[in-house]
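S.K.: Supplied in structure tokens, the structure appears directly below.
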Amino acid sequence: MLKELVDTLYERNILEKDELTLLIRSGEGDDEVLRLICEAALQTKLRIYGKGIFLRALIEFTNHCKNSCRYCGIRKENRKVRRYRLSPEQILNCSRNAWENGYRTVVLQGGEDVWFTTPRIVDLIGRIKEACPGMAVTLSIGERSGEEYAEFFAAGVDRFLLRHETTSESVYRRMHPGMSFSNRFRCLKDLKAIGFQTGAGFIVGLDEETPSRLADELLFLKALDADMVGIGPLVPHPDTPLAGYEKGSIRTTLLMIALTRLLLPDTLLPVSTAFNTLTTNGWQMGFDAGANVLMPVLTPADERKAYEIYKDKQNVDSMELNRIYERIQQTGSEVDPGRGDRKYFTGVRT
């Protein structure tokens, strides 16, 4: 029966919640079921994207944040963090360096920093687009109004990543003091409606995790038709309220990656830094389970360690291209040098 469910998911890209829950429960405990799911996910990726892995140059441009997320090392209450904020000129220079070294996507990621107002972001995007012809820009800067998102899109932003973190309202409220569960999902709805390639995703290992709730996470991503999906295990930071929590399961994270590929065959699916931090062969495992994106870091060295969402991040320098190419080839994959848009994206901008 389990193999039949995997075959059905491979062929139809959807299951009923109780069926998906059964696969998750079985995949968490049965090596053969996990193998079947990962093999089906890999075949799905190969059918649509081939062996290509897309690279994104990641610039972590500020670790200032107004929020108090209980799992995050750069939460505003953490007084041990050395705060930094790259200037627009520094961000532009990093983007130009990425473009000159062959990257065709840059990801600007930061805490929810009130200094970076919408006019400042819009001006920066215009300068990047002018200096880096053909460069796709992804923003990951948290919650804004629909009007602000529309301004970013008009300025040339191609993609926006906003992980929903959990579909459980009670867990969301507990993990995100002072934040609104409904506003998070309003943001994702606005981003899709405006025409962004929109990314969501969740943390493996938060409170009240069950196969049924994990099925809810996956089915939400399916209903959203997420263009990008970021899934990573919880890595507890010692200077947060979750210090001492158990780390998220590598096995469950791998299972979620594979099932996401089967539910959303052409989505863009990275091997997260958190996943790679908890295992020595994260790239190989992720690629074999259907992942097709890597985000090497271009944050200047002096600031890189201060962007400490969790401890001991296993970053890969985006300028070490020869090493990156070799490591990807060793996994049986190859670098795709393009922008890496979602294969069948049908939004306003392609």
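Identifiers in the structure tokens: chain A, B, ... in order shown; residue index from 1 per chain; ligand index from 1 in order shown.
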Could you pull the residues within 9 Å of segment 130-145 of chain A, counting only C-alpha atoms, minus those fewer than 6 positions along the same chain, as a ChimeraX atom specification?
M.R.: /A:92,95-96,98-100,103-113,152,156-163,183-184,187,190,197,339-341
S.K.: Keeping N, CA and C atoms, export the residues of the selection given above as a compact mmCIF listing (two decimals), in the first residue's frame.
M.R.:
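Output (part.txt):
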# COMPACT_ATOMS: atom_id res chain seq x y z
N LEU A 92 25.56 47.07 -3.07
CA LEU A 92 25.72 47.19 -4.52
C LEU A 92 27.04 46.56 -4.96
N SER A 95 26.77 42.82 -4.87
CA SER A 95 25.95 42.34 -6.00
C SER A 95 26.75 42.38 -7.29
N ARG A 96 27.50 43.45 -7.48
CA ARG A 96 28.32 43.57 -8.69
C ARG A 96 29.38 42.48 -8.73
N ALA A 98 29.16 39.55 -7.41
CA ALA A 98 28.47 38.30 -7.74
C ALA A 98 28.22 38.21 -9.24
N TRP A 99 27.72 39.28 -9.83
CA TRP A 99 27.43 39.30 -11.26
C TRP A 99 28.69 39.08 -12.08
N GLU A 100 29.79 39.74 -11.69
CA GLU A 100 31.04 39.62 -12.43
C GLU A 100 31.63 38.21 -12.32
N TYR A 103 27.31 34.79 -11.22
CA TYR A 103 26.00 34.58 -10.61
C TYR A 103 24.95 35.40 -11.33
N ARG A 104 23.77 34.81 -11.49
CA ARG A 104 22.68 35.52 -12.15
C ARG A 104 21.46 35.68 -11.24
N THR A 105 21.65 35.37 -9.97
CA THR A 105 20.65 35.68 -8.94
C THR A 105 21.38 36.12 -7.68
N VAL A 106 20.90 37.19 -7.09
CA VAL A 106 21.39 37.62 -5.79
C VAL A 106 20.21 37.63 -4.81
N VAL A 107 20.46 37.17 -3.61
CA VAL A 107 19.44 37.14 -2.56
C VAL A 107 19.84 38.13 -1.47
N LEU A 108 19.01 39.13 -1.25
CA LEU A 108 19.25 40.11 -0.19
C LEU A 108 18.41 39.71 1.01
N GLN A 109 19.09 39.26 2.06
CA GLN A 109 18.40 38.73 3.23
C GLN A 109 18.83 39.50 4.47
N GLY A 110 17.86 39.79 5.33
CA GLY A 110 18.21 40.48 6.56
C GLY A 110 17.10 40.39 7.58
N GLY A 111 17.41 40.82 8.79
CA GLY A 111 16.37 40.96 9.79
C GLY A 111 15.40 42.05 9.38
N GLU A 112 14.31 42.17 10.10
CA GLU A 112 13.34 43.23 9.80
C GLU A 112 13.88 44.54 10.39
N ASP A 113 14.66 45.21 9.57
CA ASP A 113 15.43 46.39 9.97
C ASP A 113 14.70 47.64 9.50
N PHE A 152 8.29 47.26 -4.49
CA PHE A 152 9.48 46.44 -4.73
C PHE A 152 9.38 45.74 -6.09
N GLY A 156 11.72 46.14 -9.77
CA GLY A 156 12.45 45.09 -10.45
C GLY A 156 12.75 43.85 -9.64
N VAL A 157 12.26 43.78 -8.39
CA VAL A 157 12.48 42.57 -7.60
C VAL A 157 11.72 41.41 -8.24
N ASP A 158 12.40 40.29 -8.40
CA ASP A 158 11.83 39.15 -9.09
C ASP A 158 11.17 38.14 -8.15
N ARG A 159 11.79 37.95 -6.98
CA ARG A 159 11.35 36.90 -6.08
C ARG A 159 11.32 37.45 -4.65
N PHE A 160 10.47 36.84 -3.84
CA PHE A 160 10.42 37.24 -2.43
C PHE A 160 10.24 35.97 -1.60
N LEU A 161 11.13 35.81 -0.62
CA LEU A 161 11.09 34.65 0.25
C LEU A 161 10.62 35.06 1.63
N LEU A 162 9.52 34.46 2.08
CA LEU A 162 8.96 34.73 3.40
C LEU A 162 8.45 33.40 3.97
N ARG A 163 9.28 32.74 4.74
CA ARG A 163 8.86 31.46 5.30
C ARG A 163 7.68 31.66 6.25
N ASN A 183 -1.40 38.09 9.70
CA ASN A 183 -0.65 39.02 8.85
C ASN A 183 0.42 38.28 8.05
N ARG A 184 1.02 37.25 8.65
CA ARG A 184 2.03 36.48 7.92
C ARG A 184 1.44 35.89 6.65
N CYS A 187 0.61 38.47 4.00
CA CYS A 187 1.79 38.84 3.22
C CYS A 187 2.02 37.88 2.06
N ASP A 190 -0.52 38.43 -0.67
CA ASP A 190 -0.22 39.65 -1.43
C ASP A 190 0.93 39.42 -2.41
N GLN A 197 7.73 35.59 -7.86
CA GLN A 197 8.00 34.20 -7.55
C GLN A 197 8.12 34.17 -6.02
N ARG A 339 19.52 32.04 -14.52
CA ARG A 339 18.88 32.75 -13.41
C ARG A 339 18.18 31.79 -12.45
N GLY A 340 17.77 30.66 -12.97
CA GLY A 340 17.13 29.68 -12.09
C GLY A 340 15.72 30.04 -11.72
N ASP A 341 14.92 30.49 -12.69
CA ASP A 341 13.51 30.74 -12.41
C ASP A 341 12.76 29.42 -12.30
S.K.: If we count only C-alpha atoms and set the cut-off at 12 Å, which residues sit around Asp216 of chain A, ignoring sequence neighbours fewer than 4 positions away in its own chain? Please answer as a list in words.
M.R.: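 So the residues in contact are Leu15, Glu16, Lys17, Asp18, Glu19, Leu20, Thr21, Ile24, Glu165, Thr166, Thr167, Ser168, Gly201, Phe202, Glu209, Thr210, Pro211, Ser212, Phe220, Leu221, Lys222, Ala223, Met256 and Thr260 of chain A.
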S.K.: Store the residues of this selection in a file with N, CA and C atoms, as a PDB file, in the first residue's frame.
M.R.:
ATOM      1  N   LEU A  15      -1.998  14.002  -2.607  1.00  0.00           N
ATOM      2  CA  LEU A  15      -2.626  12.931  -1.846  1.00  0.00           C
ATOM      3  C   LEU A  15      -3.610  13.563  -0.879  1.00  0.00           C
ATOM      4  N   GLU A  16      -4.537  12.771  -0.383  1.00  0.00           N
ATOM      5  CA  GLU A  16      -5.392  13.219   0.702  1.00  0.00           C
ATOM      6  C   GLU A  16      -4.546  13.362   1.969  1.00  0.00           C
ATOM      7  N   LYS A  17      -5.021  14.182   2.901  1.00  0.00           N
ATOM      8  CA  LYS A  17      -4.218  14.425   4.093  1.00  0.00           C
ATOM      9  C   LYS A  17      -3.925  13.151   4.866  1.00  0.00           C
ATOM     10  N   ASP A  18      -4.894  12.272   5.008  1.00  0.00           N
ATOM     11  CA  ASP A  18      -4.651  11.053   5.780  1.00  0.00           C
ATOM     12  C   ASP A  18      -3.623  10.165   5.091  1.00  0.00           C
ATOM     13  N   GLU A  19      -3.599  10.171   3.761  1.00  0.00           N
ATOM     14  CA  GLU A  19      -2.615   9.396   3.012  1.00  0.00           C
ATOM     15  C   GLU A  19      -1.225   9.992   3.170  1.00  0.00           C
ATOM     16  N   LEU A  20      -1.149  11.297   3.086  1.00  0.00           N
ATOM     17  CA  LEU A  20       0.136  11.975   3.249  1.00  0.00           C
ATOM     18  C   LEU A  20       0.662  11.786   4.670  1.00  0.00           C
ATOM     19  N   THR A  21      -0.220  11.857   5.643  1.00  0.00           N
ATOM     20  CA  THR A  21       0.163  11.643   7.037  1.00  0.00           C
ATOM     21  C   THR A  21       0.728  10.246   7.229  1.00  0.00           C
ATOM     22  N   ILE A  24       4.223  10.119   5.846  1.00  0.00           N
ATOM     23  CA  ILE A  24       5.170  10.806   6.717  1.00  0.00           C
ATOM     24  C   ILE A  24       5.510   9.929   7.922  1.00  0.00           C
ATOM     25  N   GLU A 165       6.845  29.429   8.481  1.00  0.00           N
ATOM     26  CA  GLU A 165       7.391  28.807   9.688  1.00  0.00           C
ATOM     27  C   GLU A 165       6.508  27.703  10.267  1.00  0.00           C
ATOM     28  N   THR A 166       5.199  27.932  10.363  1.00  0.00           N
ATOM     29  CA  THR A 166       4.283  26.906  10.857  1.00  0.00           C
ATOM     30  C   THR A 166       2.852  27.297  10.515  1.00  0.00           C
ATOM     31  N   THR A 167       2.023  26.300  10.249  1.00  0.00           N
ATOM     32  CA  THR A 167       0.604  26.561  10.008  1.00  0.00           C
ATOM     33  C   THR A 167      -0.219  26.460  11.286  1.00  0.00           C
ATOM     34  N   SER A 168       0.422  26.148  12.383  1.00  0.00           N
ATOM     35  CA  SER A 168      -0.280  26.085  13.668  1.00  0.00           C
ATOM     36  C   SER A 168      -0.307  27.471  14.296  1.00  0.00           C
ATOM     37  N   GLY A 201       7.934  28.351   3.548  1.00  0.00           N
ATOM     38  CA  GLY A 201       8.669  27.223   4.119  1.00  0.00           C
ATOM     39  C   GLY A 201       8.497  27.171   5.615  1.00  0.00           C
ATOM     40  N   PHE A 202       9.071  26.143   6.238  1.00  0.00           N
ATOM     41  CA  PHE A 202       8.818  25.943   7.657  1.00  0.00           C
ATOM     42  C   PHE A 202      10.020  25.310   8.345  1.00  0.00           C
ATOM     43  N   GLU A 209       5.033  19.029  16.984  1.00  0.00           N
ATOM     44  CA  GLU A 209       5.208  18.450  15.650  1.00  0.00           C
ATOM     45  C   GLU A 209       4.702  17.012  15.640  1.00  0.00           C
ATOM     46  N   THR A 210       3.839  16.721  14.696  1.00  0.00           N
ATOM     47  CA  THR A 210       3.300  15.377  14.483  1.00  0.00           C
ATOM     48  C   THR A 210       3.242  15.131  12.986  1.00  0.00           C
ATOM     49  N   PRO A 211       3.131  13.884  12.544  1.00  0.00           N
ATOM     50  CA  PRO A 211       2.948  13.634  11.111  1.00  0.00           C
ATOM     51  C   PRO A 211       1.754  14.390  10.539  1.00  0.00           C
ATOM     52  N   SER A 212       0.688  14.496  11.301  1.00  0.00           N
ATOM     53  CA  SER A 212      -0.493  15.209  10.810  1.00  0.00           C
ATOM     54  C   SER A 212      -0.195  16.691  10.591  1.00  0.00           C
ATOM     55  N   PHE A 220      -0.280  23.138   2.801  1.00  0.00           N
ATOM     56  CA  PHE A 220      -0.337  24.593   2.662  1.00  0.00           C
ATOM     57  C   PHE A 220       0.557  25.049   1.515  1.00  0.00           C
ATOM     58  N   LEU A 221       1.758  24.526   1.434  1.00  0.00           N
ATOM     59  CA  LEU A 221       2.671  24.896   0.344  1.00  0.00           C
ATOM     60  C   LEU A 221       2.059  24.542  -1.015  1.00  0.00           C
ATOM     61  N   LYS A 222       1.379  23.399  -1.060  1.00  0.00           N
ATOM     62  CA  LYS A 222       0.712  22.989  -2.296  1.00  0.00           C
ATOM     63  C   LYS A 222      -0.403  23.962  -2.655  1.00  0.00           C
ATOM     64  N   ALA A 223      -1.222  24.336  -1.666  1.00  0.00           N
ATOM     65  CA  ALA A 223      -2.330  25.262  -1.923  1.00  0.00           C
ATOM     66  C   ALA A 223      -1.823  26.638  -2.324  1.00  0.00           C
ATOM     67  N   MET A 256      10.725  15.810   4.312  1.00  0.00           N
ATOM     68  CA  MET A 256       9.918  16.959   3.914  1.00  0.00           C
ATOM     69  C   MET A 256      10.386  17.534   2.578  1.00  0.00           C
ATOM     70  N   THR A 260       7.976  17.552  -0.654  1.00  0.00           N
ATOM     71  CA  THR A 260       7.709  18.841  -1.301  1.00  0.00           C
ATOM     72  C   THR A 260       7.964  18.749  -2.798  1.00  0.00           C
TER      73      THR A 260
END
S.K.: Skipping near chain neighbours, those fewer than 6 positions away, what residues fall within 7 Å of Ser272 of chain A using only C-alpha atoms, listed as a list in words?
M.R.: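 Everything that qualifies: Gly230, Ile231 and Gly232 of chain A.
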S.K.: Compile the contact shell of Arg75 of chain A as a list in words: residues with an atom at most 10 Å away, counting only C-alpha atoms, same-chain residues fewer than 3 positions apart removed.
M.R.: Asn63, His64, Cys65, Lys66, Asn67, Ser68, Cys69, Arg70, Tyr71, Cys72, Asn78, Arg79, Val81, Gly111, Glu112, Asp239, Thr240, Glu308 and Ile309 of chain A
S.K.: Those same residues - N, CA and C atoms - I'd like them written as a short mmCIF file (atom, residue, chain, number, x, y, z; two decimals), in the first residue's frame.
M.R.:
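Result file result-v5.cif:
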data_model
loop_
_atom_site.label_atom_id
_atom_site.label_comp_id
_atom_site.auth_asym_id
_atom_site.auth_seq_id
_atom_site.Cartn_x
_atom_site.Cartn_y
_atom_site.Cartn_z
N ASN A 63 21.81 42.56 10.39
CA ASN A 63 21.33 41.66 11.44
C ASN A 63 20.57 42.43 12.52
N HIS A 64 20.18 43.66 12.21
CA HIS A 64 19.24 44.39 13.06
C HIS A 64 17.85 43.80 12.82
N CYS A 65 17.07 43.64 13.88
CA CYS A 65 15.72 43.11 13.71
C CYS A 65 14.82 43.62 14.82
N LYS A 66 13.61 43.98 14.45
CA LYS A 66 12.64 44.51 15.41
C LYS A 66 11.85 43.40 16.08
N ASN A 67 12.02 42.16 15.64
CA ASN A 67 11.19 41.06 16.12
C ASN A 67 11.87 40.26 17.22
N SER A 68 11.07 39.39 17.84
CA SER A 68 11.52 38.63 19.01
C SER A 68 11.34 37.14 18.83
N CYS A 69 11.49 36.64 17.62
CA CYS A 69 11.28 35.21 17.35
C CYS A 69 12.13 34.39 18.31
N ARG A 70 11.52 33.46 19.01
CA ARG A 70 12.16 32.81 20.14
C ARG A 70 13.29 31.88 19.74
N TYR A 71 13.38 31.49 18.47
CA TYR A 71 14.41 30.58 17.99
C TYR A 71 15.58 31.28 17.32
N CYS A 72 15.51 32.59 17.15
CA CYS A 72 16.46 33.30 16.27
C CYS A 72 17.53 34.04 17.06
N ASN A 78 18.47 39.85 22.10
CA ASN A 78 19.79 39.25 22.28
C ASN A 78 20.86 40.33 22.31
N ARG A 79 21.35 40.65 23.49
CA ARG A 79 22.34 41.71 23.65
C ARG A 79 23.77 41.24 23.36
N VAL A 81 24.73 39.91 20.53
CA VAL A 81 25.00 40.00 19.10
C VAL A 81 25.73 41.30 18.77
N GLY A 111 17.41 40.82 8.79
CA GLY A 111 16.37 40.96 9.79
C GLY A 111 15.40 42.05 9.38
N GLU A 112 14.31 42.17 10.10
CA GLU A 112 13.34 43.23 9.80
C GLU A 112 13.88 44.54 10.39
N ASP A 239 21.64 31.60 23.02
CA ASP A 239 21.28 32.90 23.58
C ASP A 239 19.83 33.26 23.27
N THR A 240 18.99 32.25 23.13
CA THR A 240 17.56 32.45 22.87
C THR A 240 16.75 31.62 23.87
N GLU A 308 24.13 35.57 12.94
CA GLU A 308 24.11 34.32 13.67
C GLU A 308 22.68 33.96 14.07
N ILE A 309 21.90 33.54 13.10
CA ILE A 309 20.55 33.05 13.40
C ILE A 309 20.66 31.83 14.31
#
S.K.: Find the residues around Ala154 of chain A up to 9 Å (only C-alpha atoms counted), leave out those fewer than 4 positions away in its own chain, and share them as number ranges by chain.
M.R.: A: 122, 149-150
S.K.: Just the residues within 12 Å of segment 46-50 of chain A, please, counting only C-alpha atoms, with nothing from its chain fewer than 3 positions along; format it as a ChimeraX atom specification.
M.R.: /A:10,39-43,53-54,261-262,264-269,287-293,332-336,338,340-344
S.K.: Grab the residues selected above and save them as a compact mmCIF listing (two decimals), in the first residue's frame with N, CA and C atoms.
M.R.:
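part-v1.txt was written with the following content:
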# COMPACT_ATOMS: atom_id res chain seq x y z
N TYR A 10 3.77 10.42 -7.03
CA TYR A 10 4.68 10.69 -8.15
C TYR A 10 3.89 11.02 -9.42
N GLU A 39 13.68 8.47 -3.91
CA GLU A 39 13.92 8.07 -5.30
C GLU A 39 12.88 8.69 -6.23
N ALA A 40 11.64 8.69 -5.81
CA ALA A 40 10.58 9.29 -6.63
C ALA A 40 10.80 10.80 -6.76
N ALA A 41 11.23 11.44 -5.66
CA ALA A 41 11.50 12.88 -5.71
C ALA A 41 12.67 13.19 -6.64
N LEU A 42 13.72 12.39 -6.58
CA LEU A 42 14.87 12.59 -7.46
C LEU A 42 14.46 12.43 -8.92
N GLN A 43 13.69 11.42 -9.23
CA GLN A 43 13.25 11.23 -10.62
C GLN A 43 12.39 12.39 -11.09
N ILE A 53 21.89 22.37 -10.87
CA ILE A 53 21.73 23.01 -9.56
C ILE A 53 21.91 24.52 -9.76
N PHE A 54 20.95 25.29 -9.29
CA PHE A 54 21.01 26.75 -9.42
C PHE A 54 21.74 27.34 -8.22
N ARG A 261 9.06 18.10 -3.17
CA ARG A 261 9.34 17.94 -4.61
C ARG A 261 8.23 17.16 -5.30
N LEU A 262 7.67 16.17 -4.65
CA LEU A 262 6.61 15.38 -5.26
C LEU A 262 5.30 16.14 -5.33
N LEU A 264 5.08 19.55 -5.39
CA LEU A 264 5.31 20.73 -6.23
C LEU A 264 6.48 20.43 -7.16
N PRO A 265 6.25 19.69 -8.23
CA PRO A 265 7.35 19.14 -9.03
C PRO A 265 8.34 20.17 -9.57
N ASP A 266 7.88 21.39 -9.88
CA ASP A 266 8.79 22.35 -10.50
C ASP A 266 9.18 23.49 -9.56
N THR A 267 8.91 23.33 -8.26
CA THR A 267 9.30 24.39 -7.33
C THR A 267 10.82 24.46 -7.22
N LEU A 268 11.31 25.59 -6.73
CA LEU A 268 12.73 25.78 -6.48
C LEU A 268 12.99 25.41 -5.03
N LEU A 269 13.89 24.47 -4.82
CA LEU A 269 14.01 23.82 -3.52
C LEU A 269 15.47 23.77 -3.08
N PHE A 287 20.29 16.92 -2.64
CA PHE A 287 20.14 16.75 -4.08
C PHE A 287 19.46 15.43 -4.40
N ASP A 288 19.82 14.38 -3.68
CA ASP A 288 19.25 13.06 -3.94
C ASP A 288 17.78 12.98 -3.52
N ALA A 289 17.34 13.95 -2.72
CA ALA A 289 15.93 13.99 -2.31
C ALA A 289 15.11 15.01 -3.08
N GLY A 290 15.73 15.63 -4.11
CA GLY A 290 14.96 16.53 -4.97
C GLY A 290 15.33 17.99 -4.89
N ALA A 291 16.25 18.38 -4.02
CA ALA A 291 16.65 19.80 -3.93
C ALA A 291 17.44 20.20 -5.18
N ASN A 292 17.33 21.48 -5.56
CA ASN A 292 18.03 21.93 -6.78
C ASN A 292 18.56 23.36 -6.67
N VAL A 293 18.76 23.86 -5.46
CA VAL A 293 19.26 25.22 -5.27
C VAL A 293 20.28 25.23 -4.13
N GLY A 332 27.20 14.13 -8.44
CA GLY A 332 26.52 13.64 -9.63
C GLY A 332 25.64 14.67 -10.30
N SER A 333 25.67 15.91 -9.78
CA SER A 333 24.91 17.01 -10.36
C SER A 333 25.85 17.94 -11.10
N GLU A 334 25.30 19.03 -11.61
CA GLU A 334 26.11 20.03 -12.32
C GLU A 334 25.49 21.41 -12.11
N VAL A 335 26.31 22.44 -12.22
CA VAL A 335 25.82 23.80 -12.03
C VAL A 335 25.07 24.26 -13.27
N ASP A 336 23.88 24.79 -13.07
CA ASP A 336 23.14 25.46 -14.14
C ASP A 336 23.46 26.95 -14.03
N GLY A 338 22.16 29.60 -15.33
CA GLY A 338 21.10 30.57 -15.59
C GLY A 338 20.57 31.24 -14.35
N GLY A 340 17.77 30.66 -12.97
CA GLY A 340 17.13 29.68 -12.09
C GLY A 340 15.72 30.04 -11.72
N ASP A 341 14.92 30.49 -12.69
CA ASP A 341 13.51 30.74 -12.41
C ASP A 341 12.76 29.42 -12.30
N ARG A 342 11.61 29.48 -11.64
CA ARG A 342 10.77 28.28 -11.58
C ARG A 342 10.38 27.88 -13.00
N LYS A 343 10.43 26.60 -13.26
CA LYS A 343 10.30 26.09 -14.63
C LYS A 343 9.02 26.56 -15.32
N TYR A 344 7.90 26.43 -14.63
CA TYR A 344 6.62 26.75 -15.25
C TYR A 344 5.96 27.96 -14.60
S.K.: Which residue out of A:Arg35, A:Lys76, A:Arg85, A:Lys305 has the minimum interatomic distance to Leu23 of chain A when only C-alpha atoms are used?
M.R.: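 That would be A:Arg35, the residue with the smallest distance to Leu23 of chain A.
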S.K.: In Å, with one decimal, what is the gap from atom CA of Arg186 of chain A to atom CA of Thr198 of chain A?
M.R.: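 For atom CA of Arg186 of chain A relative to atom CA of Thr198 of chain A, the distance reads 12.8 Å.
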S.K.: Can you list, as a short mmCIF file (atom, residue, chain, number, x, y, z; two decimals) with C-alpha atoms, in the first residue's frame, every residue of segment 62-226 of chain A that DSSP puts in helix (DSSP H, G or I)?
M.R.:
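Result file follows (selection17.cif):
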data_model
loop_
_atom_site.label_atom_id
_atom_site.label_comp_id
_atom_site.auth_asym_id
_atom_site.auth_seq_id
_atom_site.Cartn_x
_atom_site.Cartn_y
_atom_site.Cartn_z
CA PRO A 88 23.66 50.54 0.13
CA GLU A 89 27.04 51.03 -1.56
CA GLN A 90 28.42 47.90 0.09
CA ILE A 91 25.37 45.88 -0.98
CA LEU A 92 25.72 47.19 -4.52
CA ASN A 93 29.41 46.25 -4.58
CA CYS A 94 28.63 42.74 -3.32
CA SER A 95 25.95 42.34 -6.00
CA ARG A 96 28.32 43.57 -8.69
CA ASN A 97 30.98 41.12 -7.51
CA ALA A 98 28.47 38.30 -7.74
CA TRP A 99 27.43 39.30 -11.26
CA GLU A 100 31.04 39.62 -12.43
CA THR A 118 10.86 51.16 1.21
CA PRO A 119 12.38 54.16 -0.65
CA ARG A 120 15.88 52.98 0.30
CA ILE A 121 15.17 49.45 -0.87
CA VAL A 122 13.60 50.68 -4.11
CA ASP A 123 16.60 52.91 -4.85
CA LEU A 124 19.01 50.04 -4.12
CA ILE A 125 17.16 47.64 -6.40
CA GLY A 126 17.28 50.14 -9.25
CA ARG A 127 21.03 50.52 -8.84
CA ILE A 128 21.58 46.75 -8.76
CA LYS A 129 19.48 46.21 -11.88
CA GLU A 130 21.40 48.92 -13.72
CA ALA A 131 24.82 47.65 -12.64
CA GLY A 146 0.91 45.09 0.12
CA GLU A 147 1.65 48.58 -1.18
CA GLU A 148 5.32 48.25 -0.25
CA TYR A 149 5.56 44.83 -1.88
CA ALA A 150 4.07 46.33 -5.05
CA GLU A 151 6.73 49.06 -5.02
CA PHE A 152 9.48 46.44 -4.73
CA PHE A 153 8.03 44.53 -7.66
CA ALA A 154 7.78 47.68 -9.78
CA ALA A 155 11.42 48.43 -8.96
CA GLU A 169 -1.59 29.38 15.03
CA SER A 170 -0.87 28.41 18.63
CA VAL A 171 2.74 27.46 17.84
CA TYR A 172 3.20 30.56 15.69
CA ARG A 173 2.02 32.86 18.47
CA ARG A 174 4.22 31.13 21.02
CA MET A 175 7.32 31.32 18.82
CA PHE A 181 -0.34 34.87 12.45
CA SER A 182 -2.96 36.25 10.06
CA ASN A 183 -0.65 39.02 8.85
CA ARG A 184 2.03 36.48 7.92
CA PHE A 185 -0.35 34.70 5.62
CA ARG A 186 -1.75 37.99 4.30
CA CYS A 187 1.79 38.84 3.22
CA LEU A 188 2.15 35.60 1.28
CA LYS A 189 -1.20 36.12 -0.41
CA ASP A 190 -0.22 39.65 -1.43
CA LEU A 191 3.14 38.52 -2.80
CA LYS A 192 1.53 35.88 -5.00
CA ALA A 193 -1.17 38.28 -6.21
CA ILE A 194 1.40 40.94 -7.16
CA PRO A 211 2.95 13.63 11.11
CA SER A 212 -0.49 15.21 10.81
CA ARG A 213 0.82 18.72 11.36
CA LEU A 214 3.70 18.15 8.96
CA ALA A 215 1.09 17.11 6.39
CA ASP A 216 -0.64 20.44 7.02
CA GLU A 217 2.62 22.28 6.28
CA LEU A 218 3.08 20.46 3.00
CA LEU A 219 -0.52 20.88 1.91
CA PHE A 220 -0.34 24.59 2.66
CA LEU A 221 2.67 24.90 0.34
CA LYS A 222 0.71 22.99 -2.30
CA ALA A 223 -2.33 25.26 -1.92
CA LEU A 224 -0.12 28.36 -2.08
#
S.K.: Could you pull out all residues of segment 55-212 of chain A with a DSSP call of strand (DSSP E or B) and give them as an mmCIF file with C-alpha atoms, in the first residue's frame?
M.R.:
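Okay, states33.cif is ready:
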data_model
loop_
_atom_site.group_PDB
_atom_site.id
_atom_site.type_symbol
_atom_site.label_atom_id
_atom_site.label_comp_id
_atom_site.auth_asym_id
_atom_site.auth_seq_id
_atom_site.Cartn_x
_atom_site.Cartn_y
_atom_site.Cartn_z
ATOM 1 C CA LEU A 55 23.317 29.030 -7.455
ATOM 2 C CA ALA A 57 24.700 34.635 -4.126
ATOM 3 C CA LEU A 58 23.389 35.365 -0.633
ATOM 4 C CA ILE A 59 24.044 38.767 0.935
ATOM 5 C CA GLU A 60 23.050 38.963 4.603
ATOM 6 C CA PHE A 61 22.963 42.740 4.652
ATOM 7 C CA THR A 62 21.717 43.507 8.159
ATOM 8 C CA ARG A 85 24.230 47.026 8.739
ATOM 9 C CA THR A 105 20.653 35.678 -8.944
ATOM 10 C CA VAL A 106 21.388 37.618 -5.788
ATOM 11 C CA VAL A 107 19.437 37.136 -2.557
ATOM 12 C CA LEU A 108 19.249 40.115 -0.187
ATOM 13 C CA GLN A 109 18.398 38.733 3.232
ATOM 14 C CA GLY A 110 18.206 40.482 6.563
ATOM 15 C CA ALA A 136 17.473 38.316 -10.785
ATOM 16 C CA VAL A 137 16.938 39.798 -7.334
ATOM 17 C CA THR A 138 15.314 37.974 -4.437
ATOM 18 C CA LEU A 139 14.344 39.821 -1.260
ATOM 19 C CA SER A 140 13.984 38.152 2.124
ATOM 20 C CA ARG A 159 11.353 36.901 -6.076
ATOM 21 C CA PHE A 160 10.416 37.236 -2.428
ATOM 22 C CA LEU A 161 11.094 34.650 0.250
ATOM 23 C CA GLU A 165 7.391 28.807 9.688
ATOM 24 C CA GLN A 197 7.998 34.202 -7.547
ATOM 25 C CA THR A 198 7.033 33.619 -3.936
ATOM 26 C CA GLY A 199 8.810 31.456 -1.407
ATOM 27 C CA ALA A 200 7.500 30.010 1.840
ATOM 28 C CA GLY A 201 8.669 27.223 4.119
ATOM 29 C CA PHE A 202 8.818 25.943 7.657
ATOM 30 C CA ILE A 203 11.007 24.763 10.522
ATOM 31 C CA VAL A 204 11.268 21.079 11.329
#
S.K.: What's around Lys313 of chain A at 12 Å? Count only C-alpha atoms, leave out sequence neighbours fewer than 6 positions away in its own chain, and write the answer as a PyMOL selection string.
M.R.: chain A and resi 73+235-237+272-279+296-297+304-307
